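J.: Structure file entry11.tsv (TSV, C-alpha atoms) is given on the next line.
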```
chain	number	residue	atom	x	y	z
A	1	LEU	CA	84.93	104.14	92.70
A	2	ASN	CA	83.99	104.92	96.27
A	3	PRO	CA	86.16	107.77	97.64
A	4	THR	CA	85.39	106.72	101.22
A	5	GLU	CA	86.83	103.21	100.81
A	6	ARG	CA	90.31	101.97	99.97
A	7	SER	CA	90.29	100.13	96.66
A	8	TYR	CA	92.73	98.11	94.56
A	9	VAL	CA	92.38	100.54	91.68
A	10	ASP	CA	93.84	103.39	93.77
A	11	HIS	CA	96.94	101.70	95.15
A	12	PHE	CA	98.77	99.37	92.72
A	13	TRP	CA	99.93	101.47	89.78
A	14	ALA	CA	103.58	101.77	90.78
A	15	ASP	CA	106.07	98.91	90.74
A	16	ASP	CA	107.18	97.33	94.00
A	17	GLY	CA	110.89	97.10	93.23
A	18	ASP	CA	111.10	94.91	90.13
A	19	LYS	CA	107.54	93.67	90.70
A	20	PRO	CA	104.68	95.38	88.84
A	21	GLY	CA	101.79	96.52	91.02
A	22	PHE	CA	99.48	94.15	89.19
A	23	GLU	CA	101.61	91.19	90.28
A	24	VAL	CA	101.15	92.24	93.92
A	25	ILE	CA	97.39	91.85	93.41
A	26	LEU	CA	97.89	88.62	91.47
A	27	GLU	CA	100.00	87.12	94.27
A	28	LYS	CA	97.23	87.91	96.74
A	29	HIS	CA	94.77	85.94	94.62
A	30	LEU	CA	97.16	83.08	93.96
A	31	ASN	CA	97.68	82.86	97.72
A	32	GLY	CA	93.90	82.74	98.13
A	33	LYS	CA	93.83	79.84	95.67
A	34	PHE	CA	96.57	78.06	97.63
A	35	VAL	CA	94.74	78.58	100.94
A	36	MET	CA	91.50	77.19	99.50
A	37	LYS	CA	93.42	74.14	98.26
A	38	GLU	CA	94.72	73.60	101.80
A	39	MET	CA	91.18	73.99	103.16
A	40	ILE	CA	90.04	71.31	100.70
A	41	ASP	CA	92.80	69.04	102.00
A	42	PHE	CA	91.68	69.80	105.56
A	43	PHE	CA	88.06	68.76	104.95
A	44	ARG	CA	89.19	65.68	103.02
A	45	GLU	CA	91.46	64.68	105.90
A	46	ARG	CA	88.67	65.34	108.41
A	47	ALA	CA	86.42	63.04	106.39
A	48	THR	CA	89.08	60.32	106.45
A	49	ILE	CA	89.49	60.64	110.22
A	50	GLU	CA	85.73	60.52	110.77
A	51	GLU	CA	85.32	57.43	108.57
A	52	GLN	CA	88.15	55.63	110.36
A	53	TYR	CA	86.63	56.59	113.71
A	54	ALA	CA	83.22	55.32	112.60
A	55	LYS	CA	84.69	51.97	111.57
A	56	SER	CA	86.56	51.64	114.87
A	57	LEU	CA	83.39	52.40	116.87
A	58	LEU	CA	81.40	49.84	114.89
A	59	LYS	CA	84.08	47.18	115.41
A	60	LEU	CA	84.14	47.88	119.16
A	61	SER	CA	80.34	47.75	119.38
A	62	LYS	CA	80.38	44.22	117.91
A	63	SER	CA	82.87	42.91	120.45
A	64	THR	CA	81.83	40.53	123.25
A	65	LEU	CA	83.56	42.59	125.91
A	66	GLY	CA	81.42	42.72	129.06
A	67	ASP	CA	78.66	40.54	127.59
A	68	GLN	CA	78.69	38.24	130.61
A	69	GLU	CA	76.90	40.89	132.65
A	70	GLN	CA	73.26	40.11	133.50
A	71	GLY	CA	70.11	41.81	134.79
A	72	THR	CA	69.48	45.54	134.60
A	73	LEU	CA	73.22	46.19	134.70
A	74	GLY	CA	73.66	43.91	131.70
A	75	LYS	CA	70.89	45.77	129.82
A	76	ALA	CA	72.60	49.10	130.56
A	77	TRP	CA	75.89	47.71	129.26
A	78	GLN	CA	74.26	46.48	126.04
A	79	SER	CA	72.62	49.90	125.63
A	80	LEU	CA	76.01	51.54	125.94
A	81	LYS	CA	77.47	49.27	123.26
A	82	ALA	CA	74.45	49.86	121.04
A	83	GLU	CA	75.07	53.60	121.38
A	84	LEU	CA	78.45	53.02	119.71
A	85	ARG	CA	76.64	51.71	116.64
A	86	TYR	CA	74.46	54.83	116.51
A	87	ARG	CA	77.53	57.00	116.99
A	88	SER	CA	79.37	55.07	114.27
A	89	GLU	CA	76.53	55.77	111.82
A	90	ALA	CA	76.50	59.44	112.79
A	91	HIS	CA	80.24	59.84	112.22
A	92	SER	CA	80.09	57.94	108.92
A	93	LYS	CA	77.35	60.33	107.82
A	94	PHE	CA	79.47	63.26	109.00
A	95	ALA	CA	82.41	61.96	106.92
A	96	SER	CA	80.18	61.91	103.83
A	97	GLN	CA	79.01	65.45	104.59
A	98	MET	CA	82.62	66.63	104.81
A	99	LEU	CA	83.15	65.46	101.23
A	100	LYS	CA	79.77	66.34	99.74
A	101	GLU	CA	78.96	69.60	101.52
A	102	MET	CA	82.40	70.96	102.41
A	103	GLU	CA	85.18	69.61	100.16
A	104	LYS	CA	83.32	69.41	96.83
A	105	PRO	CA	81.67	72.89	96.85
A	106	LEU	CA	84.97	74.48	97.91
A	107	PHE	CA	86.83	72.75	95.07
A	108	GLU	CA	84.19	73.86	92.55
A	109	TYR	CA	84.35	77.44	93.78
A	110	LYS	CA	88.15	77.49	93.57
A	111	GLU	CA	88.00	76.26	89.99
A	112	SER	CA	85.32	78.80	89.05
A	113	GLN	CA	87.68	81.68	89.89
A	114	LYS	CA	90.58	80.26	87.87
A	115	LYS	CA	89.32	81.17	84.37
A	116	GLU	CA	88.68	84.86	85.07
A	117	ARG	CA	91.93	85.24	86.99
A	118	LYS	CA	93.98	83.72	84.16
A	119	GLU	CA	92.26	85.85	81.54
A	120	HIS	CA	93.25	89.05	83.33
A	121	GLN	CA	96.74	87.72	83.95
A	122	GLN	CA	97.30	87.01	80.25
A	123	ILE	CA	95.82	90.35	79.18
A	124	MET	CA	97.97	92.32	81.63
A	125	GLU	CA	101.17	90.47	80.74
A	126	LYS	CA	100.58	91.06	77.03
A	127	SER	CA	99.61	94.70	77.56
A	128	ARG	CA	102.63	95.48	79.77
A	129	LYS	CA	105.01	93.75	77.37
A	130	LEU	CA	103.65	95.79	74.45
A	131	VAL	CA	104.10	99.06	76.37
A	132	GLN	CA	107.68	98.12	77.30
A	133	THR	CA	108.51	97.13	73.72
A	134	LEU	CA	107.11	100.37	72.30
A	135	ASP	CA	108.90	102.40	74.96
A	136	ALA	CA	112.22	100.81	74.04
A	137	GLY	CA	111.52	101.41	70.35
A	138	ILE	CA	110.76	105.07	70.99
A	139	GLU	CA	114.03	105.56	72.83
A	140	LYS	CA	115.92	103.98	69.95
A	141	ALA	CA	114.08	106.03	67.33
A	142	ARG	CA	114.57	109.23	69.33
A	143	ALA	CA	118.31	108.59	69.55
A	144	LEU	CA	118.48	108.17	65.78
A	145	PHE	CA	116.35	111.25	65.16
A	146	THR	CA	118.24	113.62	67.45
A	147	GLY	CA	121.74	112.31	66.67
A	148	LYS	CA	124.07	114.61	64.55
A	149	PRO	CA	126.06	112.66	61.93
A	150	THR	CA	129.71	113.74	61.67
A	151	ARG	CA	132.53	112.68	59.34
A	152	LYS	CA	135.35	110.93	61.12
A	153	GLY	CA	138.43	113.11	61.42
A	154	SER	CA	136.67	116.25	60.21
A	155	ALA	CA	136.89	119.46	62.19
A	156	ASN	CA	134.29	121.30	60.11
A	157	LYS	CA	131.12	121.33	62.27
A	158	ASP	CA	129.21	123.41	59.68
A	159	MET	CA	129.50	120.79	56.96
A	160	GLU	CA	126.29	120.45	54.96
A	161	VAL	CA	124.25	117.33	55.80
A	162	PRO	CA	123.89	115.09	52.73
A	163	VAL	CA	120.40	114.78	51.19
A	164	SER	CA	120.30	111.04	51.89
A	165	VAL	CA	120.95	111.69	55.57
A	166	ARG	CA	118.22	114.37	55.72
A	167	ARG	CA	115.78	111.96	54.12
A	168	ARG	CA	116.65	109.25	56.63
A	169	SER	CA	116.22	111.80	59.42
A	170	SER	CA	112.80	112.81	58.11
A	171	ALA	CA	111.73	109.17	57.84
A	172	THR	CA	113.01	108.51	61.35
A	173	GLY	CA	110.99	111.47	62.60
A	174	ASP	CA	107.85	110.05	61.01
A	175	ASP	CA	108.59	106.65	62.55
A	176	LEU	CA	109.11	108.26	65.94
A	177	LYS	CA	105.80	110.12	65.72
A	178	LYS	CA	103.98	106.92	64.73
A	179	MET	CA	105.61	104.95	67.53
A	180	GLU	CA	104.68	107.62	70.06
A	181	GLU	CA	101.06	107.42	68.89
A	182	ASN	CA	101.15	103.63	69.19
A	183	TYR	CA	102.74	103.91	72.62
A	184	ASN	CA	100.10	106.33	73.88
A	185	GLN	CA	97.36	104.06	72.59
A	186	ALA	CA	98.96	101.02	74.22
A	187	GLN	CA	99.41	102.95	77.45
A	188	ARG	CA	95.73	103.93	77.49
A	189	GLN	CA	94.78	100.30	76.81
A	190	TRP	CA	97.05	99.12	79.64
A	191	ILE	CA	95.37	101.59	82.00
A	192	ASP	CA	91.91	100.34	80.99
A	193	ASN	CA	93.05	96.73	81.42
A	194	MET	CA	94.49	97.54	84.83
A	195	ILE	CA	91.28	99.21	85.98
A	196	ASN	CA	89.21	96.22	84.84
A	197	ALA	CA	91.58	93.76	86.48
A	198	CYS	CA	91.59	95.70	89.77
A	199	ARG	CA	87.80	95.84	89.86
A	200	ASP	CA	87.34	92.16	88.99
A	201	TYR	CA	90.05	90.92	91.36
A	202	GLU	CA	88.66	93.03	94.19
A	203	ARG	CA	85.17	91.69	93.49
A	204	GLN	CA	86.50	88.14	93.39
A	205	GLU	CA	88.23	88.55	96.73
A	206	GLU	CA	85.10	89.95	98.34
A	207	GLU	CA	83.06	87.07	96.93
A	208	ARG	CA	85.69	84.59	98.16
A	209	SER	CA	85.51	86.08	101.64
A	210	ASP	CA	81.70	85.83	101.69
A	211	PHE	CA	81.78	82.29	100.36
A	212	LEU	CA	84.31	81.10	102.93
A	213	LYS	CA	82.45	82.81	105.76
A	214	ASN	CA	79.25	80.97	104.88
A	215	HIS	CA	81.17	77.76	104.24
A	216	LEU	CA	82.87	77.80	107.64
A	217	LEU	CA	79.53	78.50	109.32
A	218	LYS	CA	78.19	75.46	107.46
A	219	TYR	CA	81.02	73.41	108.94
A	220	VAL	CA	80.14	74.60	112.45
A	221	ASP	CA	76.48	73.69	111.84
A	222	LEU	CA	77.47	70.17	110.80
A	223	CYS	CA	79.65	69.80	113.90
A	224	VAL	CA	76.80	71.01	116.11
A	225	ALA	CA	74.40	68.57	114.43
A	226	ILE	CA	76.61	65.55	115.09
A	227	ASP	CA	77.14	66.66	118.69
A	228	GLU	CA	73.38	66.94	119.12
A	229	GLU	CA	72.89	63.46	117.65
A	230	SER	CA	75.52	62.11	120.02
A	231	ALA	CA	73.89	63.86	122.98
A	232	GLU	CA	70.49	62.42	122.07
A	233	SER	CA	71.96	58.94	121.75
A	234	LEU	CA	73.77	59.25	125.07
A	235	SER	CA	70.58	60.42	126.76
A	236	ARG	CA	69.00	57.08	125.90
A	237	VAL	CA	71.97	55.31	127.46
A	238	THR	CA	71.64	57.50	130.54
A	239	ASP	CA	67.99	56.49	130.90
A	240	THR	CA	68.96	52.81	130.77
A	241	ILE	CA	71.75	53.32	133.29
A	242	ASP	CA	69.33	55.12	135.62
A	243	ARG	CA	67.16	52.00	135.59
A	244	ILE	CA	69.93	49.84	137.05
A	245	ASN	CA	68.40	48.18	140.12
A	246	LYS	CA	70.79	46.35	142.38
A	247	LYS	CA	67.99	44.68	144.35
A	248	ALA	CA	66.27	43.47	141.18
A	249	ASP	CA	69.58	42.15	139.89
A	250	ARG	CA	70.15	40.29	143.18
A	251	GLU	CA	66.68	38.72	142.99
A	252	TYR	CA	67.32	37.73	139.37
A	253	PHE	CA	70.65	36.14	140.22
A	254	ILE	CA	69.16	34.15	143.12
A	255	LYS	CA	66.18	33.03	141.00
A	256	VAL	CA	68.32	31.82	138.13
A	257	ASN	CA	71.32	30.46	140.01
A	258	GLY	CA	70.04	29.61	143.47
A	259	THR	CA	70.89	26.10	144.76
```
Represent the supplied structure as structure tokens.
T.:
Amino acid sequence: LNPTERSYVDHFWADDGDKPGFEVILEKHLNGKFVMKEMIDFFRERATIEEQYAKSLLKLSKSTLGDQEQGTLGKAWQSLKAELRYRSEAHSKFASQMLKEMEKPLFEYKESQKKERKEHQQIMEKSRKLVQTLDAGIEKARALFTGKPTRKGSANKDMEVPVSVRRRSSATGDDLKKMEENYNQAQRQWIDNMINACRDYERQEEERSDFLKNHLLKYVDLCVAIDEESAESLSRVTDTIDRINKKADREYFIKVNGT
């Protein structure tokens, strides 16, 4: 435990209303699971959008729109349409990367945290229930042990307690002592379980934060890569457009179509 840092193990021992402190931590982690599921859906949807976009670009590149153009201007136009095919391939690749490098690893990481989280959840629920059951039993045994049996309608408070009642009282006292020992043992076990759960859940959350940080940076890198591919492809189109020569096109037209 680091006294200079706030930690789960120092702040969730009391109940929050009817909610045990452990459940406050558990809800935080269940929310983290829910958020990761939504992130998975996001990357899956992004992949779908990219694949649909790639198909639309490819379809447009195969159209005959503008194909009547001739000369250097016609070559520039064909270069522009060809660039759509390159862009289509790039976005189809990007869609695959969204599934392979973003959606799949995130799903696997989410599932990897499930087992440990559930183990602690089951242990804490069982441990807390045992403590509550023993506590209720102690209260009942204590009431029986400290209660003073009286005969109905009798005014004699100094009446001798029957032997059978004294024996039952002695047995109840032994039961109470045993239950208190069991309760203390269960309470110590609950504390140990709580400490372990706090440490593991805190570690899991820190690991989740690091994983998502690196994962989101990976997403940015993939976006930058496809933008760079698009820029490189467009630069080739720009070079072709720069070579448009109106005089050469006029000479070509006259040569081919002159009467």
J.: Can you find the residues with an atom no farther than 9 Å from (80.7, 71.1, 106.1), counting only C-alpha atoms, and report them as JSON, numbers by chain?
T.: {"A": [43, 94, 97, 98, 99, 100, 101, 102, 103, 215, 216, 217, 218, 219, 220, 221, 222, 223]}
J.: Which one of A:Met194, A:Ala95, A:Leu106, A:Leu84 sits closest to A:Leu234 if you count only C-alpha atoms?
T.: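 Closest to A:Leu234, using only C-alpha atoms: A:Leu84.
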J.: For a test of reading the model, state the distance in Å between atom CA of A:Arg243 and atom CA of A:Glu69, rounded to one decimal.
T.: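 Rounded to one decimal, the two atoms are 15.1 Å apart.
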J.: Between atom CA of A:Gln78 and atom CA of A:Tyr53, what is the distance in Å, rounded to a tenth?
T.: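 It comes out at 20.2 Å.
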J.: Hey, can you check how far atom CA of A:Leu73 sits from atom CA of A:Arg250?
T.: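 Those two atoms sit 10.8 Å apart.
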J.: Between A:Gly258, A:Glu251, A:Lys81, A:Ala47, which one has atoms that come closest to A:Ser63, using all atoms listed in the file?
T.: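 The answer is A:Lys81, which sits nearest to A:Ser63.
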J.: Is there a way to get, as a ChimeraX atom specification, all residues within 6 Å of the point (75.1, 64.4, 112.9) in file coordinates, counting all atoms listed in the file?
T.: /A:90,94,225-226,229
J.: Extract, using only C-alpha atoms, all DNA, RNA and protein residues at most 12 Å from A:Val24, discarding same-chain residues fewer than 6 positions from it, and format them as a PyMOL selection string.
T.: chain A and resi 8+11-18+30-31+121+198+201
J.: Compile the contact shell of A:Lys110 as number ranges by chain: residues with an atom at most 9 Å away, counting only C-alpha atoms, same-chain residues fewer than 4 positions apart removed.
T.: A: 33, 36-37, 105-106, 114, 208
J.: Given the selection you just returned, output its residues as a file containing C-alpha atoms, formatted as a compact mmCIF listing (two decimals), in the coordinates of the input.
T.:
```
# COMPACT_ATOMS: atom_id res chain seq x y z
CA LYS A 33 93.83 79.84 95.67
CA MET A 36 91.50 77.19 99.50
CA LYS A 37 93.42 74.14 98.26
CA PRO A 105 81.67 72.89 96.85
CA LEU A 106 84.97 74.48 97.91
CA LYS A 114 90.58 80.26 87.87
CA ARG A 208 85.69 84.59 98.16
```
J.: Neighbours of A:Glu116 within 10 Å (all atoms listed in the file; same-chain residues fewer than 6 positions away dropped), as JSON, numbers by chain?
T.: {"A": [197, 200, 201, 204]}
J.: So, with only C-alpha atoms as the atoms that count, which of A:His120, A:Lys55, A:Arg46, A:Lys75 lies closest to A:Leu26?
T.: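 Using only C-alpha atoms, the shortest distance to A:Leu26 belongs to A:His120.
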J.: Find, counting all atoms listed in the file, the residue in A:Ser96, A:Asn245, A:Ser79, A:Thr133 that gets nearest to A:Glu50.
T.: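 Checking each candidate against A:Glu50, we get A:Ser96 as the closest.
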J.: Taking only C-alpha atoms into account, which of A:Lys255, A:Ser230, A:Phe107, A:Ala186 comes nearest A:Met39?
T.: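 The shortest atom-to-atom distance to A:Met39 comes from A:Phe107.
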J.: List as a list in words the protein and nucleic acid residues near A:Trp190, meaning an atom at most 8 Å away when all atoms listed in the file are counted, but skip any in the same chain fewer than 5 places from it.
T.: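 Residues meeting the cut-off are Met124, Ser127, Arg128 and Val131 of chain A.
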J.: Counting all atoms listed in the file, figure out which residue out of A:Asp10, A:Phe42, A:Lys62, A:Arg87 gets nearest to A:Glu228.
T.: A:Arg87
J.: Where atoms are missing, can you supply N, CA, C and O atoms for stretch 119-139 of chain A and output the lot as a PDB file, in the frame of the given file?
T.:
```
ATOM      1  N   GLU A 119      92.529  84.937  82.652  1.00  0.00           N
ATOM      2  CA  GLU A 119      92.260  85.850  81.540  1.00  0.00           C
ATOM      3  C   GLU A 119      92.879  87.218  81.798  1.00  0.00           C
ATOM      4  O   GLU A 119      93.536  87.793  80.922  1.00  0.00           O
ATOM      5  N   HIS A 120      92.660  87.748  83.004  1.00  0.00           N
ATOM      6  CA  HIS A 120      93.250  89.050  83.330  1.00  0.00           C
ATOM      7  C   HIS A 120      94.777  88.964  83.367  1.00  0.00           C
ATOM      8  O   HIS A 120      95.464  89.899  82.939  1.00  0.00           O
ATOM      9  N   GLN A 121      95.295  87.879  83.880  1.00  0.00           N
ATOM     10  CA  GLN A 121      96.740  87.720  83.950  1.00  0.00           C
ATOM     11  C   GLN A 121      97.367  87.747  82.559  1.00  0.00           C
ATOM     12  O   GLN A 121      98.368  88.442  82.327  1.00  0.00           O
ATOM     13  N   GLN A 122      96.778  87.042  81.617  1.00  0.00           N
ATOM     14  CA  GLN A 122      97.300  87.010  80.250  1.00  0.00           C
ATOM     15  C   GLN A 122      97.174  88.378  79.574  1.00  0.00           C
ATOM     16  O   GLN A 122      98.100  88.820  78.882  1.00  0.00           O
ATOM     17  N   ILE A 123      96.037  89.031  79.783  1.00  0.00           N
ATOM     18  CA  ILE A 123      95.820  90.350  79.180  1.00  0.00           C
ATOM     19  C   ILE A 123      96.835  91.359  79.713  1.00  0.00           C
ATOM     20  O   ILE A 123      97.431  92.128  78.950  1.00  0.00           O
ATOM     21  N   MET A 124      97.053  91.353  81.026  1.00  0.00           N
ATOM     22  CA  MET A 124      97.970  92.320  81.630  1.00  0.00           C
ATOM     23  C   MET A 124      99.412  92.051  81.229  1.00  0.00           C
ATOM     24  O   MET A 124     100.186  92.986  80.986  1.00  0.00           O
ATOM     25  N   GLU A 125      99.800  90.797  81.157  1.00  0.00           N
ATOM     26  CA  GLU A 125     101.170  90.470  80.740  1.00  0.00           C
ATOM     27  C   GLU A 125     101.414  90.909  79.303  1.00  0.00           C
ATOM     28  O   GLU A 125     102.468  91.485  78.984  1.00  0.00           O
ATOM     29  N   LYS A 126     100.450  90.655  78.439  1.00  0.00           N
ATOM     30  CA  LYS A 126     100.580  91.060  77.030  1.00  0.00           C
ATOM     31  C   LYS A 126     100.586  92.572  76.903  1.00  0.00           C
ATOM     32  O   LYS A 126     101.401  93.141  76.148  1.00  0.00           O
ATOM     33  N   SER A 127      99.711  93.243  77.636  1.00  0.00           N
ATOM     34  CA  SER A 127      99.610  94.700  77.560  1.00  0.00           C
ATOM     35  C   SER A 127     100.878  95.367  78.077  1.00  0.00           C
ATOM     36  O   SER A 127     101.389  96.312  77.461  1.00  0.00           O
ATOM     37  N   ARG A 128     101.417  94.888  79.201  1.00  0.00           N
ATOM     38  CA  ARG A 128     102.630  95.480  79.770  1.00  0.00           C
ATOM     39  C   ARG A 128     103.825  95.249  78.852  1.00  0.00           C
ATOM     40  O   ARG A 128     104.652  96.148  78.651  1.00  0.00           O
ATOM     41  N   LYS A 129     103.898  94.061  78.275  1.00  0.00           N
ATOM     42  CA  LYS A 129     105.010  93.750  77.370  1.00  0.00           C
ATOM     43  C   LYS A 129     104.979  94.657  76.149  1.00  0.00           C
ATOM     44  O   LYS A 129     106.029  95.137  75.679  1.00  0.00           O
ATOM     45  N   LEU A 130     103.783  94.921  75.622  1.00  0.00           N
ATOM     46  CA  LEU A 130     103.650  95.790  74.450  1.00  0.00           C
ATOM     47  C   LEU A 130     104.105  97.212  74.785  1.00  0.00           C
ATOM     48  O   LEU A 130     104.833  97.836  74.002  1.00  0.00           O
ATOM     49  N   VAL A 131     103.698  97.723  75.952  1.00  0.00           N
ATOM     50  CA  VAL A 131     104.100  99.060  76.370  1.00  0.00           C
ATOM     51  C   VAL A 131     105.622  99.143  76.514  1.00  0.00           C
ATOM     52  O   VAL A 131     106.254 100.110  76.070  1.00  0.00           O
ATOM     53  N   GLN A 132     106.229  98.132  77.113  1.00  0.00           N
ATOM     54  CA  GLN A 132     107.680  98.120  77.300  1.00  0.00           C
ATOM     55  C   GLN A 132     108.410  98.058  75.962  1.00  0.00           C
ATOM     56  O   GLN A 132     109.424  98.737  75.766  1.00  0.00           O
ATOM     57  N   THR A 133     107.878  97.248  75.046  1.00  0.00           N
ATOM     58  CA  THR A 133     108.510  97.130  73.720  1.00  0.00           C
ATOM     59  C   THR A 133     108.436  98.442  72.954  1.00  0.00           C
ATOM     60  O   THR A 133     109.426  98.888  72.350  1.00  0.00           O
ATOM     61  N   LEU A 134     107.273  99.085  72.989  1.00  0.00           N
ATOM     62  CA  LEU A 134     107.110 100.370  72.300  1.00  0.00           C
ATOM     63  C   LEU A 134     107.959 101.452  72.941  1.00  0.00           C
ATOM     64  O   LEU A 134     108.526 102.309  72.249  1.00  0.00           O
ATOM     65  N   ASP A 135     108.079 101.418  74.266  1.00  0.00           N
ATOM     66  CA  ASP A 135     108.900 102.400  74.960  1.00  0.00           C
ATOM     67  C   ASP A 135     110.364 102.277  74.550  1.00  0.00           C
ATOM     68  O   ASP A 135     111.044 103.281  74.293  1.00  0.00           O
ATOM     69  N   ALA A 136     110.841 101.027  74.464  1.00  0.00           N
ATOM     70  CA  ALA A 136     112.220 100.810  74.040  1.00  0.00           C
ATOM     71  C   ALA A 136     112.421 101.246  72.594  1.00  0.00           C
ATOM     72  O   ALA A 136     113.461 101.822  72.236  1.00  0.00           O
ATOM     73  N   GLY A 137     111.428 100.998  71.744  1.00  0.00           N
ATOM     74  CA  GLY A 137     111.520 101.410  70.350  1.00  0.00           C
ATOM     75  C   GLY A 137     111.549 102.914  70.198  1.00  0.00           C
ATOM     76  O   GLY A 137     112.273 103.453  69.344  1.00  0.00           O
ATOM     77  N   ILE A 138     110.774 103.607  71.026  1.00  0.00           N
ATOM     78  CA  ILE A 138     110.760 105.070  70.990  1.00  0.00           C
ATOM     79  C   ILE A 138     112.121 105.636  71.376  1.00  0.00           C
ATOM     80  O   ILE A 138     112.630 106.567  70.743  1.00  0.00           O
ATOM     81  N   GLU A 139     112.715 105.081  72.394  1.00  0.00           N
ATOM     82  CA  GLU A 139     114.030 105.560  72.830  1.00  0.00           C
ATOM     83  C   GLU A 139     115.066 105.375  71.716  1.00  0.00           C
ATOM     84  O   GLU A 139     115.907 106.250  71.469  1.00  0.00           O
TER      85      GLU A 139
END
```
